[in-house]
Each structure stands twice: as C-alpha cells, then as structure tokens.
$ cat input_32.cif   # mmCIF, C-alpha atoms
data_data
#
loop_
_atom_site.label_atom_id
_atom_site.label_comp_id
_atom_site.auth_asym_id
_atom_site.auth_seq_id
_atom_site.Cartn_x
_atom_site.Cartn_y
_atom_site.Cartn_z
CA MET A 7 38.51 77.74 102.97
CA THR A 8 40.65 78.97 100.09
CA LYS A 9 39.69 81.54 97.48
CA GLN A 10 39.46 78.78 94.88
CA GLU A 11 37.13 76.69 97.06
CA ASN A 12 34.87 79.70 97.59
CA ALA A 13 34.89 80.39 93.85
CA PHE A 14 33.90 76.77 93.20
CA VAL A 15 31.01 76.91 95.66
CA GLN A 16 29.77 80.03 93.86
CA PHE A 17 30.23 78.26 90.50
CA VAL A 18 28.13 75.30 91.70
CA ARG A 19 25.50 77.71 93.00
CA ASP A 20 25.28 79.23 89.49
CA GLN A 21 25.46 76.02 87.45
CA LYS A 22 23.73 73.43 89.65
CA ALA A 23 20.49 73.48 87.64
CA THR A 24 22.36 72.92 84.37
CA VAL A 25 24.49 70.13 85.82
CA TYR A 26 21.63 68.33 87.54
CA SER A 27 19.29 68.58 84.55
CA VAL A 28 21.90 66.90 82.32
CA CYS A 29 22.47 64.17 84.92
CA LEU A 30 18.72 63.63 85.19
CA MET A 31 18.35 63.25 81.43
CA PHE A 32 21.12 60.65 81.24
CA ALA A 33 20.08 58.66 84.29
CA ASP A 34 17.53 55.86 84.54
CA GLY A 35 16.16 57.23 87.77
CA LYS A 36 16.71 59.54 90.70
CA ALA A 37 19.36 57.43 92.46
CA GLU A 38 21.49 57.26 89.33
CA ALA A 39 20.99 60.97 88.68
CA ASP A 40 22.20 61.76 92.21
CA ASP A 41 25.29 59.57 91.70
CA LEU A 42 26.05 61.25 88.38
CA PHE A 43 25.57 64.67 89.96
CA GLN A 44 28.09 63.81 92.67
CA GLU A 45 30.55 62.42 90.12
CA ALA A 46 30.11 65.51 87.93
CA LEU A 47 30.77 67.80 90.90
CA ILE A 48 33.96 65.87 91.67
CA ASN A 49 35.09 66.11 88.05
CA LEU A 50 34.25 69.80 87.94
CA TRP A 51 36.30 70.37 91.06
CA SER A 52 39.19 68.30 89.64
CA GLY A 53 39.27 70.49 86.54
CA PHE A 54 38.37 73.78 88.20
CA ALA A 55 41.99 74.85 88.72
CA SER A 56 42.80 74.32 85.04
CA PHE A 57 39.66 76.06 83.75
CA ARG A 58 40.98 79.28 82.23
CA GLY A 59 37.76 80.70 80.88
CA ASP A 60 38.37 79.74 77.23
CA SER A 61 34.67 78.97 77.09
CA SER A 62 31.83 80.25 79.26
CA PRO A 63 31.47 78.61 82.70
CA ARG A 64 28.17 77.17 81.55
CA THR A 65 29.68 75.58 78.44
CA TRP A 66 32.50 74.15 80.50
CA ALA A 67 30.03 72.81 83.08
CA TYR A 68 28.13 71.17 80.22
CA ARG A 69 31.24 69.58 78.76
CA VAL A 70 32.39 68.12 82.06
CA THR A 71 28.92 66.90 83.01
CA LEU A 72 28.27 65.31 79.62
CA ASN A 73 31.62 63.53 79.66
CA THR A 74 30.86 62.31 83.16
CA CYS A 75 27.44 61.04 82.12
CA ILE A 76 28.59 59.21 78.99
CA SER A 77 31.45 57.47 80.71
CA ALA A 78 30.41 53.84 80.49
CA ASP A 79 32.39 52.68 83.49
CA ARG A 80 30.98 55.28 85.82
CA LYS A 81 29.82 52.65 88.29
CA LYS A 82 33.42 51.63 88.85
CA ARG A 83 34.52 55.19 89.36
CA ARG A 84 31.93 56.01 91.97
CA ARG A 85 33.43 57.00 95.26
CA PRO A 86 31.94 55.01 98.10
CA ALA A 87 34.13 56.91 100.56
CA CYS A 88 32.28 60.13 99.83
CA GLN A 89 29.05 60.85 101.57
CA ALA A 90 26.33 60.20 99.01
CA ILE A 91 24.35 63.15 97.79
CA ASP A 92 20.61 62.77 98.05
CA ILE A 93 18.69 65.37 96.12
CA ASP A 94 15.33 66.28 97.49
CA PRO A 95 12.72 66.09 96.04
CA ASP A 96 12.51 63.48 93.29
CA ILE A 97 11.45 65.57 90.32
CA LEU A 98 10.73 62.48 88.19
CA ALA A 99 8.13 61.31 90.73
CA ASP A 100 6.64 64.76 91.21
CA GLN A 101 2.95 65.02 90.34
CA THR A 102 3.06 68.72 89.55
CA ASP A 103 3.16 70.22 86.04
CA VAL A 104 6.93 70.50 86.18
CA GLY A 105 7.23 66.86 87.21
CA GLN A 106 4.99 65.71 84.37
CA GLN A 107 6.84 67.82 81.81
CA THR A 108 10.17 66.52 83.10
CA ARG A 109 9.00 62.92 82.76
CA LEU A 110 7.92 63.57 79.17
CA LEU A 111 11.23 65.24 78.39
CA HIS A 112 13.13 62.42 80.08
CA ASP A 113 11.22 59.80 78.06
CA ARG A 114 11.94 61.56 74.77
CA ILE A 115 15.62 62.01 75.51
CA GLN A 116 16.02 58.46 76.82
CA ARG A 117 14.83 57.13 73.46
CA LEU A 118 17.90 58.64 71.78
CA GLU A 119 21.40 57.19 71.55
CA PRO A 120 23.77 58.73 74.11
CA PHE A 121 25.60 60.80 71.48
CA ASP A 122 22.35 62.20 70.08
CA ARG A 123 21.18 62.79 73.64
CA ALA A 124 24.25 64.96 74.26
CA ILE A 125 23.71 66.96 71.08
CA VAL A 126 20.04 67.57 71.81
CA LEU A 127 20.76 68.66 75.37
CA LEU A 128 23.31 71.18 74.12
CA TRP A 129 20.92 72.41 71.45
CA LEU A 130 18.18 72.84 74.05
CA GLU A 131 20.60 75.15 75.86
CA ASN A 132 20.69 77.40 72.76
CA LEU A 133 24.36 76.74 72.20
CA PRO A 134 25.55 77.54 68.66
CA TYR A 135 26.43 74.61 66.39
CA ASP A 136 30.15 75.29 66.47
CA GLU A 137 30.15 75.27 70.27
CA ILE A 138 28.13 72.03 70.35
CA GLY A 139 30.61 70.56 67.86
CA ALA A 140 33.56 71.68 70.00
CA ILE A 141 32.08 69.99 73.06
CA VAL A 142 31.25 66.64 71.45
CA GLY A 143 34.16 66.72 69.02
CA ILE A 144 32.48 66.94 65.58
CA SER A 145 32.11 69.76 63.04
CA ALA A 146 29.29 72.34 63.14
CA LYS A 147 27.99 70.93 59.85
CA ALA A 148 27.88 67.42 61.31
CA VAL A 149 25.93 68.79 64.29
CA SER A 150 23.41 70.35 61.94
CA VAL A 151 23.00 67.10 59.95
CA ARG A 152 22.69 65.09 63.13
CA LEU A 153 20.02 67.42 64.53
CA VAL A 154 17.92 67.04 61.39
CA ARG A 155 18.10 63.25 61.74
CA ILE A 156 17.22 63.42 65.44
CA ARG A 157 14.26 65.68 64.69
CA GLU A 158 13.04 63.17 62.09
CA LYS A 159 13.55 60.29 64.47
CA LEU A 160 11.56 61.98 67.24
CA LYS A 161 8.82 62.91 64.79
CA ASN A 162 8.58 59.32 63.52
CA GLN A 163 8.45 57.96 67.07
CA LYS A 164 5.63 60.35 67.86
CA ASP A 165 3.69 59.31 64.74
CA MET B 12 8.10 69.55 103.53
CA LYS B 13 6.96 70.07 99.99
CA PRO B 14 8.99 72.83 98.30
CA ASN B 15 7.31 75.80 96.76
CA ILE B 16 7.31 74.79 93.09
CA PRO B 17 7.15 77.68 90.64
CA THR B 18 4.81 77.59 87.70
CA PRO B 19 6.74 76.47 84.61
CA PRO B 20 6.81 78.70 81.57
CA PRO B 21 3.95 77.74 79.27
CA ILE B 22 4.67 75.77 76.12
CA PRO B 23 4.46 78.28 73.26
CA ALA B 24 1.42 77.99 71.04
CA ALA B 25 3.75 78.07 68.05
CA ALA B 26 5.54 74.97 69.24
CA THR B 27 5.23 72.83 66.19
CA ASP B 28 7.72 70.07 66.67
CA GLU B 29 9.29 67.97 69.38
CA PHE B 30 12.32 70.23 69.69
CA ASP B 31 10.25 73.30 70.59
CA ILE B 32 8.31 71.31 73.17
CA MET B 33 11.49 69.84 74.60
CA ARG B 34 13.10 73.25 74.88
CA SER B 35 10.12 74.57 76.83
CA GLU B 36 10.20 71.52 79.09
CA MET B 37 13.90 71.97 79.70
CA GLN B 38 13.42 75.64 80.55
CA ALA B 39 10.71 74.68 83.02
CA LEU B 40 12.93 72.04 84.59
CA GLN B 41 15.91 74.36 84.94
CA SER B 42 13.78 77.16 86.28
CA HIS B 43 12.48 74.72 88.90
CA LEU B 44 15.90 73.30 89.73
CA SER B 45 17.55 76.70 90.06
CA GLN B 46 15.22 77.41 92.97
CA GLN B 47 16.04 74.16 94.74
CA PRO B 48 19.03 73.87 97.08
CA LEU B 49 20.01 70.57 95.34
CA ILE B 50 23.14 70.26 97.43
CA ASP B 51 23.95 71.27 100.97
CA GLU B 52 26.85 73.72 100.58
CA ASN B 53 28.50 72.49 103.78
CA ARG B 54 28.53 68.99 102.31
CA LEU B 55 29.95 70.36 99.08
CA ARG B 56 32.73 72.11 101.01
CA GLN B 57 33.54 68.85 102.82
CA LEU B 58 33.59 67.02 99.50
CA ILE B 59 36.03 69.38 97.77
CA CYS B 60 38.27 69.75 100.83
CA SER B 61 38.95 66.01 100.80
CA PRO B 62 42.72 65.61 100.15
CA SER B 63 42.09 62.81 97.65
CA LEU B 64 40.22 65.25 95.42
CA THR B 65 42.88 67.94 95.34
CA PRO B 66 43.85 68.29 91.70
CA THR B 67 47.35 66.97 91.35
CA ARG B 68 49.60 65.19 88.93
CA ALA B 69 51.38 63.50 91.80
CA GLN B 70 51.50 60.16 90.04
CA ASN B 71 53.25 61.62 87.01
CA ARG B 72 55.57 63.64 89.21
CA GLY B 73 56.37 60.44 91.13
CA ILE B 74 57.28 58.57 87.94
CA PHE B 75 59.34 61.57 86.78
CA TRP B 76 61.42 61.78 89.97
CA LEU B 77 61.77 58.01 90.30
CA ASN B 78 63.28 57.74 86.82
CA TRP B 79 65.70 60.62 87.29
CA ALA B 80 66.65 59.39 90.80
CA LEU B 81 67.52 56.00 89.28
CA VAL B 82 70.26 57.59 87.12
CA PRO B 83 72.67 58.52 89.98
CA ILE B 84 71.70 55.37 91.90
CA MET B 85 72.56 53.16 88.91
CA ALA B 86 75.73 55.17 88.32
CA ALA B 87 76.78 54.54 91.94
CA VAL B 88 75.92 50.83 91.67
CA MET B 89 77.83 50.48 88.39
CA LEU B 90 80.87 52.29 89.79
CA ALA B 91 80.79 50.04 92.85
CA LEU B 92 80.58 46.97 90.58
CA ARG B 93 83.48 48.36 88.56
CA GLN B 94 85.46 48.82 91.74
CA PHE B 95 84.69 45.46 93.39
CA ASN B 96 83.79 43.12 90.48
CA GLY B 97 85.89 44.55 87.72
CA ILE B 98 83.15 45.15 85.12
CA SER B 99 84.26 47.18 82.09
CA TRP B 100 84.13 50.96 81.80
CA LEU B 101 82.21 50.58 78.53
CA PHE B 102 79.43 48.67 80.29
CA VAL B 103 79.28 51.30 83.06
CA ALA B 104 79.04 54.11 80.50
CA VAL B 105 76.39 52.34 78.38
CA THR B 106 74.28 51.54 81.46
CA ILE B 107 74.32 55.16 82.68
CA ALA B 108 73.51 56.37 79.16
CA LEU B 109 70.59 53.91 78.88
CA TYR B 110 69.11 55.02 82.21
CA THR B 111 69.48 58.69 81.24
CA VAL B 112 67.72 58.12 77.91
CA ASN B 113 64.99 56.14 79.70
CA ALA B 114 64.43 58.99 82.19
CA ALA B 115 64.23 61.50 79.33
CA VAL B 116 61.70 59.35 77.44
CA GLN B 117 59.59 58.86 80.60
CA THR B 118 59.64 62.63 81.19
CA ARG B 119 58.35 63.25 77.66
CA ILE B 120 55.57 60.71 78.12
CA ALA B 121 54.62 62.06 81.56
CA ARG B 122 54.41 65.64 80.19
CA GLY B 123 51.99 64.61 77.47
CA SER B 124 50.06 62.25 79.69
CA LEU B 125 46.42 62.47 80.58
CA SER B 126 45.25 63.73 83.91
CA ARG B 127 41.99 62.82 85.60
CA ASP B 128 40.33 66.08 84.58
CA ASP B 129 41.25 65.41 80.93
CA TYR B 130 38.91 62.42 81.01
CA SER B 131 36.01 64.57 82.02
CA SER B 132 36.71 67.86 80.28
CA LEU B 133 38.37 67.10 76.93
CA PRO B 134 36.21 66.72 73.82
CA LEU B 135 35.94 63.01 73.02
CA VAL B 136 37.88 63.27 69.76
CA GLU B 137 40.77 65.01 71.54
CA LEU B 138 40.63 62.50 74.39
CA ARG B 139 40.71 59.65 71.87
CA ARG B 140 43.75 61.18 70.14
CA LYS B 141 45.60 61.50 73.44
CA ILE B 142 44.80 57.94 74.50
CA LEU B 143 45.94 56.62 71.11
CA ARG B 144 49.21 58.53 71.47
CA ARG B 145 49.73 57.03 74.90
CA ILE B 146 49.10 53.51 73.51
CA ALA B 147 51.64 54.19 70.74
CA ASP B 148 54.18 55.55 73.25
CA ARG B 149 53.83 52.43 75.37
CA ASN B 150 54.16 50.17 72.30
CA ALA B 151 57.35 51.98 71.30
CA GLN B 152 58.69 51.65 74.83
CA ILE B 153 58.14 47.89 74.78
CA LEU B 154 59.41 47.49 71.21
CA TRP B 155 62.71 49.19 72.01
CA GLY B 156 62.90 48.63 75.74
CA LEU B 157 62.39 44.88 75.89
CA PRO B 158 65.13 43.81 73.41
CA LEU B 159 67.46 46.42 74.92
CA SER B 160 66.79 45.07 78.41
CA VAL B 161 67.53 41.50 77.27
CA LEU B 162 70.73 42.63 75.55
CA TRP B 163 71.77 44.65 78.58
CA ALA B 164 71.06 41.72 80.93
CA GLY B 165 73.08 39.36 78.70
CA TRP B 166 75.96 41.78 78.62
CA PHE B 167 75.76 42.27 82.39
CA LEU B 168 75.87 38.50 82.83
CA TYR B 169 78.90 38.27 80.57
CA GLU B 170 80.62 41.04 82.54
CA LEU B 171 79.95 39.25 85.81
CA PHE B 172 81.17 35.92 84.42
CA THR B 173 84.38 37.34 83.01
CA SER B 174 85.24 39.24 86.20
CA THR B 175 87.46 37.23 88.52
CA THR B 176 86.16 38.59 91.81
CA GLY B 177 82.44 38.84 91.04
CA ALA B 178 79.38 36.96 92.21
CA PHE B 179 79.90 34.32 89.51
CA ALA B 180 83.43 33.49 90.50
CA GLY B 181 84.01 30.30 92.46
CA ALA B 182 82.08 27.07 92.85
CA SER B 183 78.63 28.58 93.58
CA TRP B 184 78.24 30.25 90.18
CA ARG B 185 75.24 28.06 89.27
CA SER B 186 73.11 29.29 92.19
CA SER B 187 74.19 32.88 91.46
CA LEU B 188 73.15 32.42 87.84
CA MET B 189 69.80 31.01 88.95
CA VAL B 190 69.15 34.00 91.25
CA TYR B 191 70.11 36.37 88.46
CA ILE B 192 67.78 34.70 85.95
CA VAL B 193 64.87 34.63 88.42
CA ILE B 194 65.27 38.33 89.27
CA PHE B 195 65.56 39.33 85.62
CA ALA B 196 62.64 37.16 84.49
CA SER B 197 60.46 38.53 87.33
CA ALA B 198 61.28 42.09 86.30
CA ILE B 199 60.41 41.38 82.66
CA ILE B 200 57.14 39.65 83.64
CA GLY B 201 56.26 42.59 85.93
CA VAL B 202 56.88 45.08 83.13
CA LEU B 203 54.81 43.01 80.68
CA ILE B 204 51.89 42.72 83.12
CA TYR B 205 52.01 46.50 83.69
CA TYR B 206 52.13 47.06 79.93
CA LEU B 207 49.27 44.70 79.06
CA LEU B 208 47.08 45.95 81.90
CA TYR B 209 47.38 49.62 80.98
CA GLN B 210 47.07 48.96 77.25
CA ARG B 211 43.88 46.99 77.89
CA VAL B 212 42.38 49.85 79.94
CA ASP B 213 43.23 52.38 77.21
CA ARG B 214 41.90 50.17 74.41
CA LYS B 215 38.66 49.75 76.35
CA ALA B 216 38.41 53.55 76.61
CA ILE B 217 38.89 53.84 72.84
CA ARG B 218 36.17 51.24 72.22
CA GLU B 219 33.82 53.12 74.54
CA ILE B 220 34.46 56.42 72.77
CA ASP B 221 33.98 54.78 69.36
CA SER B 222 30.74 53.13 70.39
CA PHE B 223 29.50 56.43 71.79
CA VAL B 224 30.24 58.50 68.69
CA ASN B 225 29.14 55.81 66.23
CA PRO B 226 26.64 53.60 68.04
CA GLN B 227 25.86 51.64 64.86
#
$ encode --input "input_32.cif" --output "structure tokens"
Amino acid sequence: MTKQENAFVQFVRDQKATVYSVCLMFADGKAEADDLFQEALINLWSGFASFRGDSSPRTWAYRVTLNTCISADRKKRRRPACQAIDIDPDILADQTDVGQQTRLLHDRIQRLEPFDRAIVLLWLENLPYDEIGAIVGISAKAVSVRLVRIREKLKNQKD
Amino acid sequence: MKPNIPTPPPIPAAATDEFDIMRSEMQALQSHLSQQPLIDENRLRQLICSPSLTPTRAQNRGIFWLNWALVPIMAAVMLALRQFNGISWLFVAVTIALYTVNAAVQTRIARGSLSRDDYSSLPLVELRRKILRRIADRNAQILWGLPLSVLWAGWFLYELFTSTTGAFAGASWRSSLMVYIVIFASAIIGVLIYYLLYQRVDRKAIREIDSFVNPQ
C-alpha cells in the first residue's frame, strides 16, 4: 500500500460522516445513498492526487460529494464491477431519536430543489458564504439572497 | 447487532426557525455517523487499488502520442509515394505541414481538456466554462478540418491521376477510384459520428448544469 493510499484511507476515516450525510440527504433511500457514497469515494480517490490543499479537506470532500450527488446521470456511471458498499445500519429506518431527527431533516431537505439543497447543506456545515459560493459557483451575495428565499420557503411549507 | 447509538445533541431552546432545527439535526446525524464504521477499510483499500481507478490522463496522452506519431508515418508514406508514384514535392510538403499543425492543435486541446476528477471537483460554473470551450474547440476543428480534408483528398486524387506509375494508371483506374472514395467517405463519416456523439454528450452536460443552477 502506497503512502498516498494510506493518506486516503485516513482522509476517508476523517470525512466519512460528512460524505455519507450529504449522500443521505440527496438520496431517496438507503440503497441510493450507499451507491452515492461509493461513487463519491471513487471520485474523491480520482481527485486525491490533484488535491493540493487550496481548501480544507472537509470543504474539498463537500465539493466532490455534492458534485457526485447532483450528477443527473449517476446511474449510468455506477460501477457494477466494484463490490457494492452496504452501510449498516439504515439510519433512515432507525427508530431512535437520531433516526427520527434524520428522517425529519431528510424530509425538509428533499423538499428543496437540488441547488438549494446543496446550499443549505453547506450552510449547515457553518461554511462562510464566500466558500459556499466558491463550491457551487455563485457569488457570496447570491448565496445570502438564496438562503433568505430558502428560509422563507421552508417557513411557508411549515405553516 | 444493534450499534451503540450516542445521544444526539439536544435541539437548542432558542431554535426559532427551520435552519436552527436543521443544523441541530445535522450535528446529531454527523455525530452518530462519525462513530459508525460506515465502510470496511479493507474493502476501501481493494476499491482504490483497482487499476481502473488509478488517476490517469492516459486517454489524452494516447491521443497526444497518436497525433505526433502520425507525422513521421505520414512523412514516410508521402516520401514513398513521391518515390514510387511521382506525386509532387509541394503535395508532400503541404501534407506533412497539415499533419504537424493538426498534432499541435490536438496537443493544445488535450492540455486544456477535462479529466474525470474535474467533473466531480470543479465548481459547476467552471466546469460549464470548460465544457463550452471544448465544444467550441471541436466546432472549430470541424469547421476548418472538414473542408481542408476534402481539399486535401481532392488534391491527392489529382496527384495520383496525373502520376504515370500510380494506382490510377492503367485500365483498372475506375475500381481504384471507387476504393479511394469509399475509404475517404468512411473516414469522413467516422469523424462526423465521433464529433456528433461527443458534442451531444457535452451539450447534455451543459443542459444538466443549467437545469441544476436555474431549475425554473
């Protein structure tokens, strides 16, 4: 195992919760979340050699995972040759407090358009507006405006 | 076996809107997930050690070397045709120059081309810009390359016809002409299929990015 492969395993160890939570929020269910998680890991590994630390590892993990999740043709790009990853347990079916909270969060996020979903997920990570803008490709001001609209939308849906 | 699930952080009493609640829920989820194995590390090592996943720009390198390798090959072919079929020095020189320019253009395109990790890691606006540039590069290639290819093929045909010892000399010139036309037409059709196929894929990517950023 090379130094880079070891570094990547350590990176996944550190970022797995971030990556999987994003996949879970974009997926319709556990099976799709597992597929997205596998695809995101493959994309992270593909780009790992060219990651030069311009942003924090967490921000980079977010960017790669979000781009993986929003890719509309992801079904075509799935790799049947790879052994499928099966995450245990299914947090969306969990009857504990965490499971219930995750379902509520999932429902709220699923109601948003994919672009808004990405912005909210980044905001929930406490990323500054300019960093969110850099990841999704819009200005910090546009992020701020968009967040206000999303907040209104969520509030209206609740009412 | 049921994993030991930690108690999530409580939702703050001051949580007044959906965003505050969602942030607390996300923190609880991540706190829970960080304590789960999620992925067997041995399986992860197997996954990343797969040769097909090794980051490489082999395809671009392949195109790069193929185009530059064609220059001496075409030079040798043209010199052989000059020697045995009597084609003109001007045609030999123009053909070598055309292939050299083509290799240089392909190199420029390959250097600015997208790699697989660009699709996953670039911001969408940057990705869109790069895809649009690639579409424009391909359009320019076809716009210049196709008429040039037709002109070159016509000239080549003329050279072969006017040479006394060439493939078009003698009684069987009609069948030679037919073979020539079939080969040339097949090459043009192949190039057009390649062009249309890749342009369609890139245009679809642009539509997907546009619909993502502006769903309305």
$ closest_atom_pairs --input "input_32.cif" --of "chain A" --to "chain B" --cutoff "6 Å" --atoms "only C-alpha atoms" --output "CSV"
residue,atom,partner,partner_atom,distance
A:Ala23,CA,B:Ser45,CA,5.0
A:Ser52,CA,B:Pro66,CA,5.1
A:Gly53,CA,B:Asp128,CA,4.9
A:Arg69,CA,B:Ser132,CA,5.9
A:Val70,CA,B:Ser132,CA,4.7
A:Asn73,CA,B:Ser131,CA,5.1
A:Thr74,CA,B:Ser131,CA,5.7
A:Ile93,CA,B:Leu49,CA,5.4
A:Gln107,CA,B:Glu36,CA,5.7
A:Leu111,CA,B:Met33,CA,6.0
A:Phe121,CA,B:Phe223,CA,5.9
A:Leu130,CA,B:Arg34,CA,5.2
A:Ile141,CA,B:Pro134,CA,5.3
A:Val142,CA,B:Pro134,CA,5.5
A:Gly143,CA,B:Val136,CA,5.1
$ write_last_selection --input "input_32.cif" --atoms "C-alpha atoms" --output "short mmCIF file (atom, residue, chain, number, x, y, z; two decimals), in the coordinates of the input"
data_model
loop_
_atom_site.label_atom_id
_atom_site.label_comp_id
_atom_site.auth_asym_id
_atom_site.auth_seq_id
_atom_site.Cartn_x
_atom_site.Cartn_y
_atom_site.Cartn_z
CA ALA A 23 20.49 73.48 87.64
CA SER A 52 39.19 68.30 89.64
CA GLY A 53 39.27 70.49 86.54
CA ARG A 69 31.24 69.58 78.76
CA VAL A 70 32.39 68.12 82.06
CA ASN A 73 31.62 63.53 79.66
CA THR A 74 30.86 62.31 83.16
CA ILE A 93 18.69 65.37 96.12
CA GLN A 107 6.84 67.82 81.81
CA LEU A 111 11.23 65.24 78.39
CA PHE A 121 25.60 60.80 71.48
CA LEU A 130 18.18 72.84 74.05
CA ILE A 141 32.08 69.99 73.06
CA VAL A 142 31.25 66.64 71.45
CA GLY A 143 34.16 66.72 69.02
#
$ atom_distance --input "input_32.cif" --atom1 "atom CA of Trp184 of chain B" --atom2 "atom CA of Gly201 of chain B"
25.6 Å
$ closest_residue --input "input_32.cif" --among "A:Arg58, A:Asp100, A:Met31, A:Ala37" --to "Ile76 of chain A" --atoms "only C-alpha atoms"
A:Met31
$ residues_near_point --input "input_32.cif" --point "(17.4, 58.9, 77.3)" --cutoff "10 Å" --atoms "only C-alpha atoms" --output "list of chain:residue names"
A:Leu30, A:Met31, A:Phe32, A:Ala33, A:Asp34, A:Leu111, A:His112, A:Asp113, A:Arg114, A:Ile115, A:Gln116, A:Arg117, A:Leu118, A:Glu119, A:Pro120, A:Asp122, A:Arg123, A:Ala124
$ atom_distance --input "input_32.cif" --atom1 "atom CA of Leu47 of chain A" --atom2 "atom CA of Ala67 of chain A"
9.3 Å
$ atom_distance --input "input_32.cif" --atom1 "atom CA of Ile144 of chain A" --atom2 "atom CA of Thr71 of chain A"
17.8 Å
$ resolve_selection --input "input_32.cif" --expression "the PyMOL selection byres ((chain B and resi 93) around 12)" --output "PyMOL selection string"
chain B and resi 85-92+94-104+167+170-171+174-177
$ residues_around --input "input_32.cif" --residues "Tyr206 of chain B" --least-positions-apart "6" --cutoff "10 Å" --atoms "only C-alpha atoms" --output "JSON, numbers by chain"
{"B": [146, 149, 150, 152, 153, 200]}
